[in-house]
$ cat final09.cif   # mmCIF, C-alpha atoms
data_work
loop_
_atom_site.label_atom_id
_atom_site.label_comp_id
_atom_site.auth_asym_id
_atom_site.auth_seq_id
_atom_site.Cartn_x
_atom_site.Cartn_y
_atom_site.Cartn_z
CA MET Z 1 0.00 0.00 0.00
CA TRP Z 2 2.95 2.37 0.09
CA ASN Z 3 2.86 5.09 -2.51
CA ALA Z 4 6.59 5.36 -3.26
CA LEU Z 5 7.64 6.17 -6.79
CA ALA Z 6 8.67 3.02 -8.66
CA ASN Z 7 11.71 4.61 -10.33
CA THR Z 8 13.34 5.76 -7.06
CA ALA Z 9 16.99 4.69 -6.87
CA ALA Z 10 17.68 1.99 -4.25
CA GLU Z 11 20.21 4.12 -2.33
CA THR Z 12 17.87 7.11 -1.98
CA VAL Z 13 15.21 7.62 0.65
CA LEU Z 14 11.84 6.49 -0.62
CA GLU Z 15 9.61 9.46 -1.15
CA GLY Z 16 5.93 9.00 -1.87
CA VAL Z 17 3.56 11.11 -3.82
CA HIS Z 18 1.50 11.49 -0.62
CA PRO Z 19 2.80 11.92 2.95
CA GLU Z 20 1.14 8.65 4.03
CA PRO Z 21 -0.09 5.50 2.29
CA VAL Z 22 -3.53 5.97 0.75
CA LEU Z 23 -6.17 3.24 0.63
CA LEU Z 24 -8.49 3.91 -2.29
CA ALA Z 25 -10.61 0.76 -2.50
CA VAL Z 26 -11.13 -2.67 -1.01
CA ARG Z 27 -12.27 -5.77 -2.87
CA HIS Z 28 -14.62 -7.65 -0.57
CA ARG Z 29 -17.73 -8.68 -2.52
CA PRO Z 30 -18.03 -11.80 -4.66
CA GLY Z 31 -18.56 -11.31 -8.35
CA THR Z 32 -16.63 -9.93 -11.28
CA PHE Z 33 -13.44 -8.03 -10.54
CA SER Z 34 -14.82 -4.58 -11.39
CA GLU Z 35 -18.08 -5.07 -9.44
CA SER Z 36 -16.58 -6.33 -6.18
CA PHE Z 37 -14.94 -3.13 -4.89
CA SER Z 38 -15.98 -0.60 -2.29
CA PHE Z 39 -14.25 2.75 -2.48
CA THR Z 40 -13.06 4.64 0.58
CA PRO Z 41 -14.12 8.30 0.81
CA GLU Z 42 -10.66 9.26 -0.50
CA GLY Z 43 -10.95 6.72 -3.30
CA GLN Z 44 -14.41 7.99 -4.23
CA GLN Z 45 -13.03 11.54 -4.41
CA ARG Z 46 -10.14 10.49 -6.66
CA ARG Z 47 -12.16 8.27 -9.01
CA PRO Z 48 -12.14 9.51 -12.58
CA THR Z 49 -15.42 10.95 -13.83
CA SER Z 50 -17.66 8.73 -15.98
CA ASP Z 51 -16.30 10.23 -19.19
CA GLN Z 52 -12.74 9.27 -18.12
CA ARG Z 53 -13.33 5.60 -17.30
CA SER Z 54 -15.36 2.57 -18.18
CA PRO Z 55 -18.17 1.80 -15.73
CA LEU Z 56 -17.02 0.05 -12.56
CA ARG Z 57 -20.52 -1.16 -11.77
CA SER Z 58 -23.50 -2.26 -13.78
CA THR Z 59 -26.36 0.21 -13.99
CA VAL Z 60 -29.76 0.44 -15.63
CA TRP Z 61 -31.97 3.42 -16.41
CA ILE Z 62 -35.50 3.33 -14.98
CA PHE Z 63 -38.35 5.56 -16.12
CA HIS Z 64 -40.91 6.58 -13.51
CA GLY Z 65 -43.82 8.64 -14.80
CA ASP Z 66 -45.25 11.60 -12.92
CA ASN Z 67 -47.94 10.44 -10.48
CA ALA Z 68 -47.27 6.79 -11.38
CA ARG Z 69 -47.18 4.17 -8.65
CA TYR Z 70 -44.70 1.92 -10.47
CA ALA Z 71 -41.84 2.37 -12.90
CA SER Z 72 -42.84 1.85 -16.53
CA GLY Z 73 -39.53 1.27 -18.31
CA VAL Z 74 -36.06 -0.19 -17.76
CA PHE Z 75 -33.22 0.47 -20.21
CA ASP Z 76 -29.59 -0.58 -20.44
CA THR Z 77 -28.40 2.86 -21.58
CA LEU Z 78 -29.45 6.48 -21.17
CA ASP Z 79 -29.76 6.85 -24.94
CA ALA Z 80 -32.20 3.91 -25.15
CA GLY Z 81 -34.34 5.43 -22.39
CA LEU Z 82 -34.32 8.86 -24.02
CA ALA Z 83 -35.30 7.40 -27.40
CA TRP Z 84 -38.22 5.49 -25.84
CA ALA Z 85 -39.38 8.56 -23.91
CA ALA Z 86 -39.26 10.73 -27.03
CA GLU Z 87 -41.23 8.16 -29.03
CA ARG Z 88 -43.89 7.82 -26.31
CA HIS Z 89 -43.99 11.54 -25.31
CA VAL Z 90 -43.91 10.61 -21.61
CA THR Z 91 -43.42 12.92 -18.60
CA GLY Z 92 -41.41 11.83 -15.56
CA ILE Z 93 -37.89 10.99 -14.44
CA LEU Z 94 -35.37 8.71 -16.11
CA ALA Z 95 -32.94 7.71 -13.35
CA GLU Z 96 -29.77 5.62 -13.25
CA TYR Z 97 -29.78 2.75 -10.74
CA ALA Z 98 -26.87 0.51 -9.80
CA ILE Z 99 -27.65 -3.21 -9.92
CA GLY Z 100 -28.49 -4.15 -6.34
CA GLY Z 101 -30.13 -2.26 -3.52
CA ALA Z 102 -29.65 1.52 -3.84
CA TYR Z 103 -28.95 1.90 -0.11
CA ASP Z 104 -26.46 -0.97 0.02
CA VAL Z 105 -24.60 0.20 -3.08
CA ALA Z 106 -24.41 3.81 -1.84
CA VAL Z 107 -23.02 2.68 1.54
CA SER Z 108 -20.51 0.27 -0.03
CA GLU Z 109 -19.26 2.95 -2.44
CA GLY Z 110 -18.90 5.55 0.31
CA ARG Z 111 -21.58 7.84 -1.16
CA PHE Z 112 -23.70 7.56 1.99
CA THR Z 113 -22.62 7.04 5.60
CA PRO Z 114 -25.32 5.96 8.06
CA SER Z 115 -25.29 8.48 10.91
CA LYS Z 116 -28.78 8.45 12.44
CA ALA Z 117 -30.75 5.78 14.27
CA HIS Z 118 -33.27 5.34 11.43
CA HIS Z 119 -30.59 4.85 8.76
CA GLY Z 120 -30.67 1.26 7.56
CA THR Z 121 -34.18 0.58 8.86
CA SER Z 122 -36.61 -1.08 6.47
CA ASP Z 123 -38.56 2.17 5.89
CA HIS Z 124 -35.37 4.14 5.21
CA VAL Z 125 -33.95 1.50 2.85
CA ALA Z 126 -37.27 1.18 0.99
CA ALA Z 127 -37.42 4.95 0.33
CA PHE Z 128 -33.70 5.42 -0.45
CA SER Z 129 -32.84 7.21 -3.70
CA PRO Z 130 -29.94 5.89 -5.80
CA GLY Z 131 -28.25 9.30 -5.89
CA LEU Z 132 -26.91 8.73 -9.40
CA ARG Z 133 -27.63 10.61 -12.61
CA HIS Z 134 -31.22 11.43 -13.53
CA VAL Z 135 -33.06 13.33 -16.26
CA HIS Z 136 -36.40 15.13 -15.93
CA LEU Z 137 -38.58 14.73 -19.01
CA THR Z 138 -41.72 16.54 -20.17
CA ARG Z 139 -43.61 14.99 -23.07
CA GLY Z 140 -40.50 13.02 -23.98
CA ARG Z 141 -38.09 15.95 -24.02
CA GLN Z 142 -35.40 16.82 -21.47
CA ASN Z 143 -36.18 19.80 -19.25
CA GLN Z 144 -33.60 22.53 -19.56
#
$ encode --input "final09.cif" --output "structure tokens"
Amino acid sequence: MWNALANTAAETVLEGVHPEPVLLAVRHRPGTFSESFSFTPEGQQRRPTSDQRSPLRSTVWIFHGDNARYASGVFDTLDAGLAWAAERHVTGILAEYAIGGAYDVAVSEGRFTPSKAHHGTSDHVAAFSPGLRHVHLTRGRQNQ
């Protein structure tokens, strides 16, 4: 875990990029290599943005219409969801969800830290938002 530079000469004092070792992620879940990591808060901060990396977790896009009780569409890409919404002229939210429980994924990725007594209760978990990207649509078009 030390962050010393690899090309440091053997006789010199090792000098790292950071003053201390930095733990960015831990692999602890079963599954494919890229889906089994949890990022530390520091690792989450240093992760490249989505346009700089390939996805590290599987996601889907779910459409939930205004005033609808249930979701009415699931898509493997944002573009597929937007095309469907435009064709059907629907109004609602197209939201990205990680595969798995939104609460569990957010906690494991360091995007949410339980800090209150009700965090993690069945009511809290059932109402938890994924906190990922989302698009508001009106009659199939993105709101500006």
$ residues_near_point --input "final09.cif" --point "(-15.0, -3.0, -5.0)" --cutoff "6 Å" --atoms "only C-alpha atoms" --output "VMD selection string"
chain Z and resid 26 to 27 35 to 38
$ atom_distance --input "final09.cif" --atom1 "CA of Val105 in chain Z" --atom2 "CA of Leu132 in chain Z"
10.9 Å
$ atom_distance --input "final09.cif" --atom1 "CA of Thr40 in chain Z" --atom2 "CA of Pro114 in chain Z"
14.4 Å
$ atom_distance --input "final09.cif" --atom1 "CA of Ser122 in chain Z" --atom2 "CA of Ala95 in chain Z"
22.0 Å
$ resolve_selection --input "final09.cif" --expression "the PyMOL selection byres ((chain Z and resi 70-75) around 12)" --output "mmCIF file with C-alpha atoms, in the coordinates of the input"
data_model
loop_
_atom_site.group_PDB
_atom_site.id
_atom_site.type_symbol
_atom_site.label_atom_id
_atom_site.label_comp_id
_atom_site.auth_asym_id
_atom_site.auth_seq_id
_atom_site.Cartn_x
_atom_site.Cartn_y
_atom_site.Cartn_z
ATOM 1 C CA SER Z 58 -23.500 -2.260 -13.780
ATOM 2 C CA THR Z 59 -26.360 0.210 -13.990
ATOM 3 C CA VAL Z 60 -29.760 0.440 -15.630
ATOM 4 C CA TRP Z 61 -31.970 3.420 -16.410
ATOM 5 C CA ILE Z 62 -35.500 3.330 -14.980
ATOM 6 C CA PHE Z 63 -38.350 5.560 -16.120
ATOM 7 C CA HIS Z 64 -40.910 6.580 -13.510
ATOM 8 C CA GLY Z 65 -43.820 8.640 -14.800
ATOM 9 C CA ASP Z 66 -45.250 11.600 -12.920
ATOM 10 C CA ASN Z 67 -47.940 10.440 -10.480
ATOM 11 C CA ALA Z 68 -47.270 6.790 -11.380
ATOM 12 C CA ARG Z 69 -47.180 4.170 -8.650
ATOM 13 C CA ASP Z 76 -29.590 -0.580 -20.440
ATOM 14 C CA THR Z 77 -28.400 2.860 -21.580
ATOM 15 C CA LEU Z 78 -29.450 6.480 -21.170
ATOM 16 C CA ASP Z 79 -29.760 6.850 -24.940
ATOM 17 C CA ALA Z 80 -32.200 3.910 -25.150
ATOM 18 C CA GLY Z 81 -34.340 5.430 -22.390
ATOM 19 C CA LEU Z 82 -34.320 8.860 -24.020
ATOM 20 C CA ALA Z 83 -35.300 7.400 -27.400
ATOM 21 C CA TRP Z 84 -38.220 5.490 -25.840
ATOM 22 C CA ALA Z 85 -39.380 8.560 -23.910
ATOM 23 C CA ARG Z 88 -43.890 7.820 -26.310
ATOM 24 C CA VAL Z 90 -43.910 10.610 -21.610
ATOM 25 C CA THR Z 91 -43.420 12.920 -18.600
ATOM 26 C CA GLY Z 92 -41.410 11.830 -15.560
ATOM 27 C CA ILE Z 93 -37.890 10.990 -14.440
ATOM 28 C CA LEU Z 94 -35.370 8.710 -16.110
ATOM 29 C CA ALA Z 95 -32.940 7.710 -13.350
ATOM 30 C CA GLU Z 96 -29.770 5.620 -13.250
ATOM 31 C CA TYR Z 97 -29.780 2.750 -10.740
ATOM 32 C CA ILE Z 99 -27.650 -3.210 -9.920
#
$ residues_around --input "final09.cif" --residues "Gly110 in chain Z" --least-positions-apart "6" --cutoff "7 Å" --atoms "only C-alpha atoms" --output "PDB file with C-alpha atoms, in the coordinates of the input"
ATOM      1  CA  PHE Z  39     -14.250   2.750  -2.480  1.00  0.00           C
ATOM      2  CA  THR Z  40     -13.060   4.640   0.580  1.00  0.00           C
ATOM      3  CA  PRO Z  41     -14.120   8.300   0.810  1.00  0.00           C
ATOM      4  CA  GLN Z  44     -14.410   7.990  -4.230  1.00  0.00           C
TER       5      GLN Z  44
END
$ resolve_selection --input "final09.cif" --expression "the PyMOL selection byres ((chain Z and resi 128) around 10)" --output "PyMOL selection string"
chain Z and resi 101-104+106+119-120+122-127+129-131
$ resolve_selection --input "final09.cif" --expression "the PyMOL selection byres ((chain Z and resi 143) around 12)" --output "ChimeraX atom specification"
/Z:91-94,134-142,144
$ closest_residue --input "final09.cif" --among "Z:Gly43, Z:Val22, Z:Ala117, Z:Ala98" --to "Arg133 in chain Z" --atoms "only C-alpha atoms"
Z:Ala98
